[in-house]
$ cat target11.txt   # compact mmCIF, C-alpha atoms
# COMPACT_ATOMS: atom_id res chain seq x y z
CA MET A 17 -17.21 -19.77 27.91
CA LYS A 18 -19.61 -17.80 25.71
CA TYR A 19 -19.11 -14.61 27.72
CA LEU A 20 -15.34 -15.10 27.74
CA LEU A 21 -15.28 -15.21 23.94
CA ILE A 22 -17.36 -12.02 23.80
CA LEU A 23 -14.93 -10.26 26.11
CA ILE A 24 -11.96 -11.38 24.02
CA ALA A 25 -13.64 -10.11 20.85
CA LEU A 26 -14.14 -6.69 22.39
CA PHE A 27 -10.39 -6.17 22.63
CA PHE A 28 -10.14 -5.89 18.85
CA VAL A 29 -12.96 -4.34 16.87
CA GLN A 30 -13.50 -4.25 13.12
CA VAL A 31 -16.09 -1.94 11.64
CA HIS A 32 -17.14 -0.85 8.18
CA ALA A 33 -17.02 2.82 7.23
CA LYS A 34 -20.50 4.34 7.55
CA SER A 35 -19.68 7.14 5.15
CA ALA A 36 -18.15 7.20 1.69
CA GLY A 37 -16.53 10.52 2.47
CA LYS A 38 -16.67 13.77 0.55
CA ILE A 39 -14.22 14.40 -2.27
CA ILE A 40 -12.85 17.89 -1.60
CA ALA A 41 -9.97 18.05 -4.08
CA GLU A 42 -8.43 16.27 -7.03
CA ILE A 43 -4.66 16.01 -6.67
CA PRO A 44 -2.80 13.83 -9.19
CA GLU A 45 -1.07 10.83 -7.59
CA ALA A 46 -1.76 12.04 -4.05
CA SER A 47 0.61 9.97 -1.93
CA GLY A 48 0.58 11.62 1.49
CA ILE A 49 -1.31 14.20 3.52
CA ALA A 50 -0.78 16.20 6.71
CA HIS A 51 -2.66 18.87 8.64
CA CYS A 52 -0.91 22.14 9.55
CA SER A 53 -2.32 23.24 12.90
CA ASP A 54 -1.05 26.83 12.75
CA SER A 55 -2.72 27.63 9.41
CA ASP A 56 -5.53 25.03 9.53
CA THR A 57 -4.57 23.89 6.03
CA LEU A 58 -3.54 20.58 4.49
CA ILE A 59 -0.33 19.62 2.73
CA VAL A 60 -0.77 16.96 0.04
CA ALA A 61 2.35 15.32 -1.39
CA ASN A 62 2.42 13.54 -4.73
CA ASP A 63 4.59 10.97 -6.50
CA GLU A 64 5.95 13.52 -8.96
CA GLY A 65 7.88 15.60 -6.43
CA ALA A 66 5.28 18.32 -5.80
CA TYR A 67 3.20 19.33 -2.83
CA TYR A 68 -0.08 21.20 -2.67
CA GLU A 69 -1.29 23.37 0.17
CA ILE A 70 -5.09 23.27 0.27
CA SER A 71 -7.81 24.50 2.60
CA THR A 72 -9.78 21.99 4.66
CA GLU A 73 -12.58 22.54 2.14
CA GLY A 74 -10.31 21.58 -0.76
CA LYS A 75 -9.34 24.92 -2.31
CA ILE A 76 -5.82 24.78 -3.75
CA LEU A 77 -3.83 27.64 -2.21
CA GLU A 78 -0.34 26.87 -3.50
CA THR A 79 1.50 24.30 -5.60
CA ILE A 80 5.24 23.81 -5.20
CA LYS A 81 7.48 21.52 -7.25
CA LEU A 82 10.38 20.36 -5.08
CA GLY A 83 12.23 18.29 -7.65
CA ASN A 84 12.52 14.77 -8.97
CA TYR A 85 11.34 13.10 -5.78
CA ASP A 86 8.94 10.23 -5.17
CA LEU A 87 7.23 11.84 -2.18
CA GLU A 88 5.31 9.26 -0.15
CA GLY A 89 4.30 11.03 3.05
CA VAL A 90 4.53 14.33 4.89
CA VAL A 91 4.46 15.83 8.37
CA CYS A 92 3.57 19.52 8.76
CA GLU A 93 4.93 21.64 11.63
CA ASP A 94 4.90 25.37 12.29
CA SER A 95 8.32 26.01 10.76
CA GLN A 96 8.95 23.01 8.53
CA MET A 97 7.59 20.06 6.59
CA ILE A 98 9.18 16.61 6.72
CA PHE A 99 8.73 14.44 3.63
CA ALA A 100 9.39 10.73 3.24
CA VAL A 101 11.07 10.13 -0.13
CA GLU A 102 10.50 6.48 -0.97
CA ASN A 103 13.92 5.58 -2.34
CA LYS A 104 16.15 8.35 -0.93
CA GLY A 105 15.39 9.30 2.66
CA ILE A 106 13.93 12.10 4.75
CA LEU A 107 13.65 15.57 3.20
CA ILE A 108 13.08 18.63 5.40
CA VAL A 109 11.58 21.72 3.75
CA GLU A 110 11.25 25.06 5.51
CA ARG A 111 7.70 26.43 5.48
CA LYS A 112 8.99 29.82 4.31
CA ARG A 113 10.71 28.12 1.37
CA GLY A 114 14.19 28.14 2.87
CA GLN A 115 16.85 25.58 2.11
CA ASP A 116 15.73 21.99 1.56
CA ARG A 117 17.93 19.37 3.17
CA TYR A 118 18.17 15.63 3.65
CA VAL A 119 18.80 14.26 7.12
CA ASN A 120 21.15 11.42 7.98
CA LEU A 121 19.53 8.26 9.30
CA TYR A 122 21.43 5.35 10.83
CA THR A 123 19.45 2.30 9.72
CA ASP A 124 21.02 -0.49 11.79
CA PHE A 125 18.98 -1.91 14.65
CA ASN A 126 19.97 -4.68 17.07
CA GLY A 127 23.03 -5.42 14.98
CA LYS A 128 21.13 -5.79 11.72
CA HIS A 129 20.86 -3.46 8.75
CA ILE A 130 17.29 -2.42 7.98
CA THR A 131 16.55 -1.53 4.38
CA LEU A 132 14.06 1.33 4.54
CA PHE A 133 14.58 3.33 1.38
CA ASN A 134 14.18 1.39 -1.83
CA LYS A 135 12.79 2.25 -5.26
CA LYS A 136 10.52 -0.79 -5.41
CA ALA A 137 9.58 -1.10 -1.74
CA GLY A 138 10.66 1.88 0.31
CA VAL A 139 9.12 4.10 2.95
CA GLU A 140 5.44 4.76 2.28
CA GLY A 141 4.27 6.66 5.36
CA ILE A 142 5.59 9.08 7.96
CA ALA A 143 4.31 10.39 11.30
CA LYS A 144 5.85 12.34 14.17
CA ASN A 145 5.32 12.79 17.90
CA GLY A 146 7.76 15.09 19.67
CA ASN A 147 11.27 13.84 18.92
CA ILE A 148 10.07 10.49 17.61
CA LEU A 149 9.56 9.82 13.91
CA TYR A 150 7.62 6.80 12.61
CA LEU A 151 8.38 5.41 9.14
CA SER A 152 6.24 2.69 7.58
CA LYS A 153 7.99 0.28 5.24
CA GLN A 154 6.12 -0.90 2.17
CA SER A 155 5.58 -4.64 2.07
CA LYS A 156 3.22 -6.86 0.11
CA LYS A 157 3.53 -9.56 2.76
CA LYS A 158 2.30 -9.01 6.29
CA LYS A 159 5.26 -10.85 7.82
CA ASN A 160 7.58 -8.17 6.40
CA ALA A 161 5.41 -5.19 7.33
CA PHE A 162 6.85 -2.90 9.99
CA ILE A 163 7.23 0.65 11.24
CA ALA A 164 10.67 1.96 12.16
CA VAL A 165 10.75 4.16 15.27
CA VAL A 166 13.41 6.86 14.86
CA ASP A 167 14.96 9.00 17.61
CA LEU A 168 15.50 12.55 16.32
CA THR A 169 17.73 13.56 19.25
CA THR A 170 20.67 11.39 18.11
CA ASN A 171 23.26 12.31 15.49
CA PRO A 172 22.75 10.75 13.05
CA PHE A 173 19.10 9.93 13.71
CA SER A 174 18.81 6.27 14.68
CA ILE A 175 16.23 3.51 14.84
CA THR A 176 15.34 2.67 18.44
CA ASP A 177 12.49 0.21 17.87
CA VAL A 178 10.62 -1.70 15.17
CA ILE A 179 6.85 -2.17 15.28
CA GLU A 180 5.89 -5.40 13.51
CA HIS A 181 2.17 -4.81 12.96
CA GLY A 182 1.32 -7.38 10.26
CA ILE A 183 -0.64 -5.02 7.98
CA PRO A 184 0.55 -5.43 4.36
CA ASP A 185 1.15 -2.40 2.16
CA THR A 186 0.90 0.20 4.91
CA SER A 187 0.97 3.23 2.64
CA GLY A 188 -0.16 6.03 4.96
CA LEU A 189 0.59 6.92 8.56
CA SER A 190 -0.52 9.52 11.12
CA TYR A 191 -0.03 10.14 14.83
CA HIS A 192 -3.13 11.45 16.60
CA GLU A 193 -3.92 11.69 20.31
CA GLY A 194 -1.61 8.91 21.41
CA TYR A 195 -2.35 6.45 18.62
CA LEU A 196 -0.83 5.58 15.28
CA TYR A 197 -3.26 5.36 12.39
CA MET A 198 -2.31 3.35 9.31
CA VAL A 199 -3.99 2.91 5.95
CA SER A 200 -3.42 -0.14 3.80
CA ASP A 201 -3.68 0.33 0.05
CA ARG A 202 -3.87 -3.39 -0.60
CA LYS A 203 -6.55 -4.12 2.01
CA ASP A 204 -8.59 -0.86 1.76
CA LEU A 205 -8.18 -0.69 5.50
CA LEU A 206 -7.67 1.89 8.25
CA VAL A 207 -6.03 0.57 11.42
CA LYS A 208 -5.77 2.21 14.84
CA TYR A 209 -2.70 1.11 16.78
CA ASP A 210 -2.24 1.61 20.52
CA LEU A 211 1.42 2.53 21.08
CA GLU A 212 1.26 2.08 24.85
CA LYS A 213 -0.17 -1.43 24.62
CA SER A 214 1.67 -2.32 21.37
CA LYS A 215 -1.46 -3.70 19.74
CA LYS A 216 -4.03 -3.00 17.04
CA VAL A 217 -7.31 -1.93 18.63
CA LEU A 218 -9.52 -1.05 15.68
CA LYS A 219 -9.90 -1.89 12.00
CA VAL A 220 -12.10 0.19 9.70
CA LYS A 221 -12.95 -1.26 6.28
CA LEU A 222 -12.81 1.56 3.74
CA GLY A 223 -14.36 1.74 0.31
CA GLU A 224 -12.29 0.73 -2.68
CA GLY A 225 -9.41 3.10 -3.34
CA ALA A 226 -5.66 3.49 -3.71
CA TRP A 227 -5.22 4.78 -0.15
CA GLU A 228 -1.89 6.54 0.42
CA GLY A 229 -2.28 9.01 3.29
CA ILE A 230 -4.25 9.97 6.38
CA ALA A 231 -4.44 13.16 8.48
CA PHE A 232 -6.58 14.55 11.31
CA ASP A 233 -7.50 18.18 11.90
CA ASN A 234 -8.52 19.74 15.22
CA ASN A 235 -12.22 19.96 14.37
CA GLY A 236 -13.28 16.33 14.27
CA PHE A 237 -12.43 15.52 10.65
CA VAL A 238 -10.09 13.01 9.05
CA TYR A 239 -8.70 13.23 5.52
CA LEU A 240 -7.56 10.44 3.22
CA ALA A 241 -5.32 10.81 0.17
CA ASP A 242 -5.95 8.49 -2.77
CA ASP A 243 -3.24 7.78 -5.35
CA ASP A 244 -5.95 7.75 -8.02
CA GLY A 245 -6.15 11.52 -7.54
CA ARG A 246 -8.62 12.27 -4.74
CA VAL A 247 -8.58 13.87 -1.31
CA LEU A 248 -11.54 12.77 0.81
CA LYS A 249 -12.92 14.28 4.01
CA TYR A 250 -14.80 12.35 6.68
CA LYS A 251 -16.20 13.07 10.10
CA THR A 252 -14.14 10.98 12.47
CA LYS A 253 -17.32 9.61 14.06
CA SER A 254 -18.53 8.33 10.67
CA LEU A 255 -15.48 6.05 10.57
CA GLY A 256 -16.04 4.87 14.14
CA LEU A 257 -12.97 6.71 15.41

$ encode --input "target11.txt" --output "structure tokens"
Amino acid sequence: MKYLLILIALFFVQVHAKSAGKIIAEIPEASGIAHCSDSDTLIVANDEGAYYEISTEGKILETIKLGNYDLEGVVCEDSQMIFAVENKGILIVERKRGQDRYVNLYTDFNGKHITLFNKKAGVEGIAKNGNILYLSKQSKKKKNAFIAVVDLTTNPFSITDVIEHGIPDTSGLSYHEGYLYMVSDRKDLLVKYDLEKSKKVLKVKLGEGAWEGIAFDNNGFVYLADDDGRVLKYKTKSLGL
């Protein structure tokens, strides 16, 4: 019986961060972060409708004000950036500063309307893998916490699945090497979620912060955005990832 309990415990691991991380930049109300593979830079979104392009060492390269948007997350691709706007929807911005545009999203799933975009409790995180978009809904209660899985090949884009993960206030989201990574502002927590097995496989207890975003680069580092105005850089190994 003793060995059985040990084996069960190994299926879900919780660790404490071994490193406090290095503050590389101070960005006011940093609410989302993404890594751009082509330029090896970071895009940091903030609550006041601006985004900052910074180097992986924290140097601010460009600051762009998009408008009166509550930006809560960002995905960076070679040609475009995709922002989650908490109370309005999904905003696509061309990397070469072309036309900005909202995309249509059909928010019914299994015959029920899903309220994603809301001023008080809207979308807080965004991640992308191929033609699949993941949107994390803000919720103070774990029973209401979920991620909407959106198919980008349909017109309008539609929700094809809902991941009920039970992590309250999931405020940051990233897809990396087959897993979804979430950060919880309320719990000061980083969670690794196995999409194939539909289960949480790792919890990392972070230091105290207003965690709002997470991103991975291609060189073994992970970055966290803090709504209190910090961007932190960690070695992935120091977080047990």

$ closest_residue --input "target11.txt" --among "A:Asp242, A:Glu140, A:Glu64, A:Asp210" --to "Ser187 in chain A" --atoms "all atoms listed in the file"
A:Glu140

$ closest_residue --input "target11.txt" --among "A:Ile39, A:Leu107, A:Leu248, A:Cys92" --to "Asp54 in chain A" --atoms "only C-alpha atoms"
A:Cys92

$ closest_residue --input "target11.txt" --among "A:Asn134, A:Asn84, A:Thr123, A:Ser152" --to "Thr176 in chain A" --atoms "only C-alpha atoms"
A:Thr123

$ closest_residue --input "target11.txt" --among "A:Val139, A:Ala100, A:Leu218, A:Val178" --to "Tyr197 in chain A" --atoms "all atoms listed in the file"
A:Leu218

$ residues_around --input "target11.txt" --residues "Val207 in chain A" --least-positions-apart "5" --cutoff "8 Å" --atoms "all atoms listed in the file" --output "PyMOL selection string"
chain A and resi 197-199+216-220

$ atom_distance --input "target11.txt" --atom1 "CA of Asp94 in chain A" --atom2 "CA of Glu110 in chain A"
9.3 Å

$ atom_distance --input "target11.txt" --atom1 "CA of Ser53 in chain A" --atom2 "CA of Leu132 in chain A"
28.6 Å

$ atom_distance --input "target11.txt" --atom1 "CA of Glu193 in chain A" --atom2 "CA of Asn62 in chain A"
25.9 Å

$ closest_residue --input "target11.txt" --among "A:Tyr239, A:Glu228, A:Lys208, A:Lys213" --to "Gly256 in chain A" --atoms "only C-alpha atoms"
A:Lys208

$ closest_residue --input "target11.txt" --among "A:Phe232, A:Tyr250, A:Lys203, A:Leu255" --to "Lys38 in chain A" --atoms "only C-alpha atoms"
A:Tyr250

$ closest_atom_pairs --input "target11.txt" --of "range 62-135 of chain A" --to "range 160-168 of chain A" --cutoff "10 Å" --atoms "only C-alpha atoms" --output "Markdown table"
| residue | atom | partner | partner_atom | distance |
| --- | --- | --- | --- | --- |
| A:Val119 | CA | A:Leu168 | CA | 9.9 |
| A:Leu121 | CA | A:Val166 | CA | 8.4 |
| A:Tyr122 | CA | A:Val166 | CA | 9.1 |
| A:Thr123 | CA | A:Ala164 | CA | 9.1 |
| A:Phe125 | CA | A:Ala164 | CA | 9.5 |
| A:Ile130 | CA | A:Ala164 | CA | 9.0 |
| A:Leu132 | CA | A:Ala164 | CA | 8.4 |
